[in-house]
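Worksheet: one structure, shown below.
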Amino acid sequence: MAKVVSQDVKKYFGEIRALDGVSIEIEDGAFVVLLGPSGCGKTTFMRCISGLEELTDGKIYFDDKEVGRLQPKDRNVAMVFQSYAVWPHMKVRENIAYPLKLKRFSKEEIEQKVKWAADLLNISELLSRYPSQLSGGQRQRVAVARAIVHRPEVLLMDEPLSNLDALLRVKMRSELKKLHEQLKVTTIYVTHDQVEAMTMGDKIAVMNGGRIIQYGTPEEIYKKPATAFVAGFIGSPQMNFFKCDVVEENGQQYAKFEHIRFKIPSRINNRSVIVGIRPEDVSLELRKDRDSIGLEATVYFIERLMPETILHLDVGNAKSRITAKLPNDLVLPEGKKIEVFVSTESLHFFDAETEERIL
Amino acid sequence: MKIIYPLLFILIACFFLGPMFLAFVASITPASEFYDYSHIFPSRLTFEHINKLLFTLGGFRALIVSIEVALISIGISFALGIPAGYAIARYTFRGKDGVKLAMLFTRSLPLIVVAVSLVTVYMRLNLTDTALGVALAHAAMILPFVVIFTSSIFSSTFIEYEEAGMVFGLTRFGAFLRISLPLALPGLAASAIYGFIMSWNETFAASILSIQNRTLPAHILATAMASPDYFKYAMATVMAIPALIFIFIIRKYLISIWGISLK
């Protein structure tokens with residue numbers, strides 16, 4: 001178990017900057033998710049931590065020990081690969097025992113630890129099988145057992161659930177989380193699936209373009225996204241964005257999109273902003289106790305998910321399309337004109353140039 | 001369909017095994033009955049020709065030289081070819097395609113051109129008439145195939161198997177030795193068979209590069225023309241049996257041991 005610190009880690013593949021200065025501090029025993037679209041550098045960063053990829057520049061520490069230039073075998077890390085990488089020429093028992101064998105544990109200790117790990121992951125009856133005789137889910141369990149058996153300081157998981165079917169994925173999600181609570185090993189988990197990130201991570205590091213854009217708890221990331229990118233990446237359906245000019249009337253600033261005016265709660269110096277509205281913050285009823293804005297909209301398309309409903313709405317003259325997510329089932333004819341409401345406090349404001357959060 | 005398939009298999013088997021069988025029968029037919037066409041199978045069988053060929057005419061010694069040459073040439077071409085195949089599969093480097101292409105060029109060069117100049121080089125190095133000398137020539141012939149075979153084997157095994165090995169405590173070389181090599185075993189077995197047969201059957205270079213210590217085919221070539229026909233069949237049998245035994249031994253590695261393809 002160790003604290004993991006990365007200082008300005010850079011990794012270039014020729015001209016391509018896969019990692020462009022990644023700095024992060026991961027607390028001892030935390031479960032941290034690296035989240036981002038494909039090509040954002042999350043897997044490369046994980047591989048740098050494991051030692052499978054050499055750093056171009058920067059430093060990585062486990063506690064106070066610098067490990068950035070060490071071979072993977074000298075780092076005391078373990079990894080669960082996307083393809084599981086359970087060695088096909090060894091039986092399950094040998095697979096799990098191998099890390100211990102390489103670390104020169106005694107026969108009795110190996111036996112005892114293999115049994116412990118196998119029991120923990122419910123694969124005791126599979127120990128004398130070959131991986132080819134296992135299902136994908138079972139192979140996954142073997143891969144996890146192999147990764148935890150020698151009690152590594154840092155456990156790395158590279159999209160471990162992406163090859164499982166949807167039902168199994170949900171089941172494994174909670175199991176992996178419970179396992180972490182039991183073992184308390186510092187875990188870094190790579191995924192592009194925001195649901196996995198939100199449900200599993202103590203903290204999430206959202207990555208894009210070889211950098212960490214935001215590092216915080218799932219709640220912070222959802223409620224206070226640091227940039228428009230994070231805001232758009234987290235949440236489903238995607239956040240609605242309006243590019244607005246800032247206008248002032250009677251001492252009150254508004255973000256103006258065509259004839260729609262969003263009230264800006266406190267004073268800003270920007271001349272244009274991006275206003276973000278989460279679909280789940282759009283409501284059909286006007287709440288009197290809140291400061292709200294009404295939008296005139298035409299129903300374009302309606303998705304009845306049971307029990308939720310997702311409305312695709314046209315607002316404004318330029319036919320800007322927004323989505324609204326409503327908690328109840330609803331039937332509306334397409335083309336119907338309605339009015340929807342958004343409370344002022346649920347609005348997100350980003351700078352139009354830098355896309356960074358203002359309010 | 002149920003009858004056609006077995007029939008087809010029997011037919012194909014006869015096509016390949018028939019001549020071998022007839023050659024074998026001819027090799028154990030007594031000389032007196034050999035030209036008697038009234039019956040196919042002889043009234044009695046004799047190992048006289050094979051015996052004579054092996055122990056009187058120096059066939060046994062040639063057989064040993066042949067096995068020696070085949071094993072040394074497989075050894076040399078594996079020692080050089082497996083790392084080369086691995087490098088081509090795993091790394092990108094400048095001129096990689098050129099290297100792959102150039103290796104095939106060695107096949108377009110007629111062996112006769114190479115062999116004559118090899119003799120002069122061998123004379124200087126004191127390699128003429130040695131098993132090692134012939135094996136070196138054979139290794140040159142086998143090596144490109146080993147490189148091409150193994151590179152395709154290694155590129156079809158997941159790199160993540162090796163990476164897992166490295167994460168769990170192996171060096172890069174250790175991961176190659178303990179993970180990739182065992183996984184490549186069936187492919188290596190196929191390469192070994194191929195290399196063995198190439199060396200076993202190669203007559204020309206062996207004839208030129210050796211005089212006393214000839215390999216079996218070179219020895220047979222030198223003596224066959226002057227021998228009676230039943231001796232020629234005895235030679236065919238002596239040529240075929242060790243090759244069959246070798247393939248039989250290696251065969252078990254060919255069938256993937258873990259009951260799966262390597263993917």
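Chain lettering (A, B, ...) mirrors the order of the structure tokens, residue numbering begins at 1 for each chain separately, and ligand numbering begins at 1 in order of display.
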
Polymer residues at most 12 Å from Pro99 (chain A), only C-alpha atoms, same-chain spacing of 6 or more positions, as a count of residues only: 26

If you count only C-alpha atoms, which residues fall within 8 Å of Gly51 (chain A), apart from same-chain ones fewer than 4 positions away, as an MDAnalysis selection string? (chainID A and resid 47 68:72 75) or (chainID B and resid 167)

How would the residues just picked look written out with C-alpha atoms as a CSV table (one decimal), in the first residue's frame?
chain,number,residue,atom,x,y,z
A,47,ARG,CA,1.5,1.9,-18.3
A,68,GLY,CA,9.9,6.2,-12.5
A,69,ARG,CA,13.0,4.7,-13.9
A,70,LEU,CA,12.6,1.2,-12.4
A,71,GLN,CA,11.8,-2.0,-14.3
A,72,PRO,CA,8.1,-3.2,-13.8
A,75,ARG,CA,8.0,-1.7,-8.5
B,167,VAL,CA,4.6,-6.7,-14.2

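Note that the spacing between CA of Phe242 (chain A) and CA of Met306 (chain A) amounts to 28.6 Å.
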
Would you mind listing what lies within 9 Å of Pro225 (chain A) as a PDB file with N, CA and C atoms, in the first residue's frame, with only C-alpha atoms counted and same-chain residues fewer than 3 positions away left out?
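out_9.pdb was written with the following content:
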ATOM      1  N   GLN A 214      -9.449  17.423 -14.629  1.00  0.00           N
ATOM      2  CA  GLN A 214     -10.033  17.639 -13.300  1.00  0.00           C
ATOM      3  C   GLN A 214      -9.833  16.406 -12.454  1.00  0.00           C
ATOM      4  N   GLU A 220     -18.135  16.144  -6.988  1.00  0.00           N
ATOM      5  CA  GLU A 220     -17.548  17.408  -7.455  1.00  0.00           C
ATOM      6  C   GLU A 220     -17.527  17.474  -8.974  1.00  0.00           C
ATOM      7  N   ILE A 221     -17.166  16.351  -9.566  1.00  0.00           N
ATOM      8  CA  ILE A 221     -17.022  16.338 -11.019  1.00  0.00           C
ATOM      9  C   ILE A 221     -18.368  16.511 -11.711  1.00  0.00           C
ATOM     10  N   TYR A 222     -19.405  15.959 -11.104  1.00  0.00           N
ATOM     11  CA  TYR A 222     -20.730  16.102 -11.686  1.00  0.00           C
ATOM     12  C   TYR A 222     -21.302  17.499 -11.415  1.00  0.00           C
ATOM     13  N   ALA A 228     -15.842  22.875 -19.837  1.00  0.00           N
ATOM     14  CA  ALA A 228     -16.987  22.453 -20.640  1.00  0.00           C
ATOM     15  C   ALA A 228     -16.785  21.025 -21.127  1.00  0.00           C
ATOM     16  N   PHE A 229     -15.513  20.635 -21.334  1.00  0.00           N
ATOM     17  CA  PHE A 229     -15.251  19.259 -21.773  1.00  0.00           C
ATOM     18  C   PHE A 229     -15.711  18.252 -20.718  1.00  0.00           C
ATOM     19  N   VAL A 230     -15.320  18.501 -19.465  1.00  0.00           N
ATOM     20  CA  VAL A 230     -15.710  17.595 -18.387  1.00  0.00           C
ATOM     21  C   VAL A 230     -17.225  17.574 -18.255  1.00  0.00           C
ATOM     22  N   ALA A 231     -17.824  18.757 -18.337  1.00  0.00           N
ATOM     23  CA  ALA A 231     -19.272  18.870 -18.212  1.00  0.00           C
ATOM     24  C   ALA A 231     -19.959  18.049 -19.301  1.00  0.00           C
ATOM     25  N   GLY A 232     -19.402  18.082 -20.508  1.00  0.00           N
ATOM     26  CA  GLY A 232     -20.018  17.355 -21.611  1.00  0.00           C
ATOM     27  C   GLY A 232     -19.748  15.868 -21.545  1.00  0.00           C
ATOM     28  N   ILE A 234     -19.262  14.001 -18.713  1.00  0.00           N
ATOM     29  CA  ILE A 234     -19.944  13.354 -17.588  1.00  0.00           C
ATOM     30  C   ILE A 234     -21.429  13.680 -17.663  1.00  0.00           C
ATOM     31  N   HIS A 348     -24.625  26.232 -15.449  1.00  0.00           N
ATOM     32  CA  HIS A 348     -23.159  26.210 -15.394  1.00  0.00           C
ATOM     33  C   HIS A 348     -22.652  27.254 -16.372  1.00  0.00           C
ATOM     34  N   GLU A 356     -13.096  27.173 -19.525  1.00  0.00           N
ATOM     35  CA  GLU A 356     -12.958  26.879 -18.101  1.00  0.00           C
ATOM     36  C   GLU A 356     -14.149  27.417 -17.323  1.00  0.00           C
ATOM     37  N   ARG A 357     -14.416  26.796 -16.209  1.00  0.00           N
ATOM     38  CA  ARG A 357     -15.587  27.145 -15.411  1.00  0.00           C
ATOM     39  C   ARG A 357     -15.420  28.546 -14.820  1.00  0.00           C
TER      40      ARG A 357
END

How many Å lie between CA of Val273 (chain A) and CA of Val22 (chain A), rounded to one decimal? 27.7 Å

For Pro30 (chain B), find every residue with an atom within 8 Å (counting only C-alpha atoms), except residues of its own chain fewer than 6 positions away, and show them as a CSV table (one decimal) with C-alpha atoms, in the first residue's frame.
chain,number,residue,atom,x,y,z
B,42,PRO,CA,7.6,-61.8,-52.4
B,44,ARG,CA,9.9,-64.5,-48.2
B,45,LEU,CA,11.2,-61.2,-46.8
B,46,THR,CA,14.8,-60.3,-46.2
B,48,GLU,CA,19.8,-58.4,-46.5

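The coordinates place CA of Gln7 (chain A) at 13.0 Å from CA of Lys65 (chain A).
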
Please provide as number ranges by chain all residues within 10 Å of region 120-132 of chain B, with the sequence filter that same-chain residues fewer than 2 positions apart are discarded (counting only C-alpha atoms). B: 64-70, 72-73, 115-118, 134-139, 206-215

Kindly save the residues from that selection, with N, CA and C atoms included, as a tab-separated table (two decimals), in the first residue's frame.
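result00.tsv, written as the output of this step:
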chain	number	residue	atom	x	y	z
B	64	ILE	N	24.34	-41.40	-39.52
B	64	ILE	CA	24.71	-40.66	-38.32
B	64	ILE	C	25.13	-39.24	-38.69
B	65	VAL	N	25.93	-39.12	-39.75
B	65	VAL	CA	26.35	-37.78	-40.19
B	65	VAL	C	25.13	-36.94	-40.54
B	66	SER	N	24.19	-37.56	-41.24
B	66	SER	CA	22.98	-36.83	-41.64
B	66	SER	C	22.21	-36.30	-40.44
B	67	ILE	N	22.05	-37.17	-39.44
B	67	ILE	CA	21.31	-36.75	-38.25
B	67	ILE	C	22.07	-35.62	-37.55
B	68	GLU	N	23.39	-35.81	-37.46
B	68	GLU	CA	24.23	-34.78	-36.87
B	68	GLU	C	24.05	-33.44	-37.57
B	69	VAL	N	24.17	-33.50	-38.89
B	69	VAL	CA	24.06	-32.27	-39.69
B	69	VAL	C	22.68	-31.63	-39.50
B	70	ALA	N	21.65	-32.44	-39.53
B	70	ALA	CA	20.29	-31.89	-39.40
B	70	ALA	C	20.11	-31.22	-38.04
B	72	ILE	N	22.47	-30.07	-35.94
B	72	ILE	CA	23.30	-28.86	-35.80
B	72	ILE	C	22.67	-27.71	-36.58
B	73	SER	N	22.21	-27.99	-37.80
B	73	SER	CA	21.67	-26.88	-38.60
B	73	SER	C	20.38	-26.34	-37.99
B	115	ALA	N	27.76	-22.86	-53.36
B	115	ALA	CA	28.50	-24.02	-52.88
B	115	ALA	C	29.96	-24.00	-53.34
B	116	VAL	N	30.17	-23.64	-54.59
B	116	VAL	CA	31.53	-23.66	-55.12
B	116	VAL	C	32.41	-22.66	-54.38
B	117	SER	N	31.87	-21.46	-54.16
B	117	SER	CA	32.67	-20.47	-53.43
B	117	SER	C	32.80	-20.85	-51.96
B	118	LEU	N	31.80	-21.56	-51.45
B	118	LEU	CA	31.88	-22.01	-50.05
B	118	LEU	C	33.05	-22.98	-49.88
B	134	VAL	N	28.80	-28.71	-43.45
B	134	VAL	CA	27.55	-28.95	-44.17
B	134	VAL	C	26.39	-28.31	-43.40
B	135	ALA	N	26.43	-28.46	-42.07
B	135	ALA	CA	25.35	-27.90	-41.26
B	135	ALA	C	25.26	-26.39	-41.41
B	136	LEU	N	26.41	-25.74	-41.52
B	136	LEU	CA	26.40	-24.28	-41.71
B	136	LEU	C	25.70	-23.91	-43.00
B	137	ALA	N	26.01	-24.65	-44.06
B	137	ALA	CA	25.35	-24.38	-45.35
B	137	ALA	C	23.85	-24.62	-45.25
B	138	HIS	N	23.48	-25.69	-44.56
B	138	HIS	CA	22.05	-25.98	-44.40
B	138	HIS	C	21.37	-24.94	-43.53
B	139	ALA	N	22.07	-24.49	-42.51
B	139	ALA	CA	21.49	-23.49	-41.61
B	139	ALA	C	21.18	-22.21	-42.39
B	206	ALA	N	25.73	-30.85	-49.78
B	206	ALA	CA	26.36	-31.93	-49.01
B	206	ALA	C	27.36	-32.70	-49.87
B	207	SER	N	27.03	-32.92	-51.14
B	207	SER	CA	27.92	-33.65	-52.03
B	207	SER	C	29.20	-32.88	-52.29
B	208	ILE	N	29.06	-31.57	-52.44
B	208	ILE	CA	30.23	-30.77	-52.79
B	208	ILE	C	31.13	-30.51	-51.60
B	209	LEU	N	30.50	-30.32	-50.41
B	209	LEU	CA	31.27	-29.87	-49.25
B	209	LEU	C	31.91	-31.03	-48.48
B	210	SER	N	31.57	-32.26	-48.82
B	210	SER	CA	32.16	-33.37	-48.07
B	210	SER	C	32.58	-34.49	-49.01
B	211	ILE	N	33.56	-35.26	-48.57
B	211	ILE	CA	34.06	-36.38	-49.37
B	211	ILE	C	33.94	-37.68	-48.58
B	212	GLN	N	34.57	-37.69	-47.42
B	212	GLN	CA	34.54	-38.89	-46.58
B	212	GLN	C	33.29	-38.90	-45.70
B	213	ASN	N	33.04	-37.76	-45.04
B	213	ASN	CA	31.92	-37.67	-44.11
B	213	ASN	C	30.65	-37.21	-44.83
B	214	ARG	N	30.15	-38.02	-45.70
B	214	ARG	CA	28.98	-37.60	-46.47
B	214	ARG	C	27.70	-37.84	-45.71
B	215	THR	N	26.72	-36.97	-45.95
B	215	THR	CA	25.39	-37.22	-45.40
B	215	THR	C	24.75	-38.33	-46.22
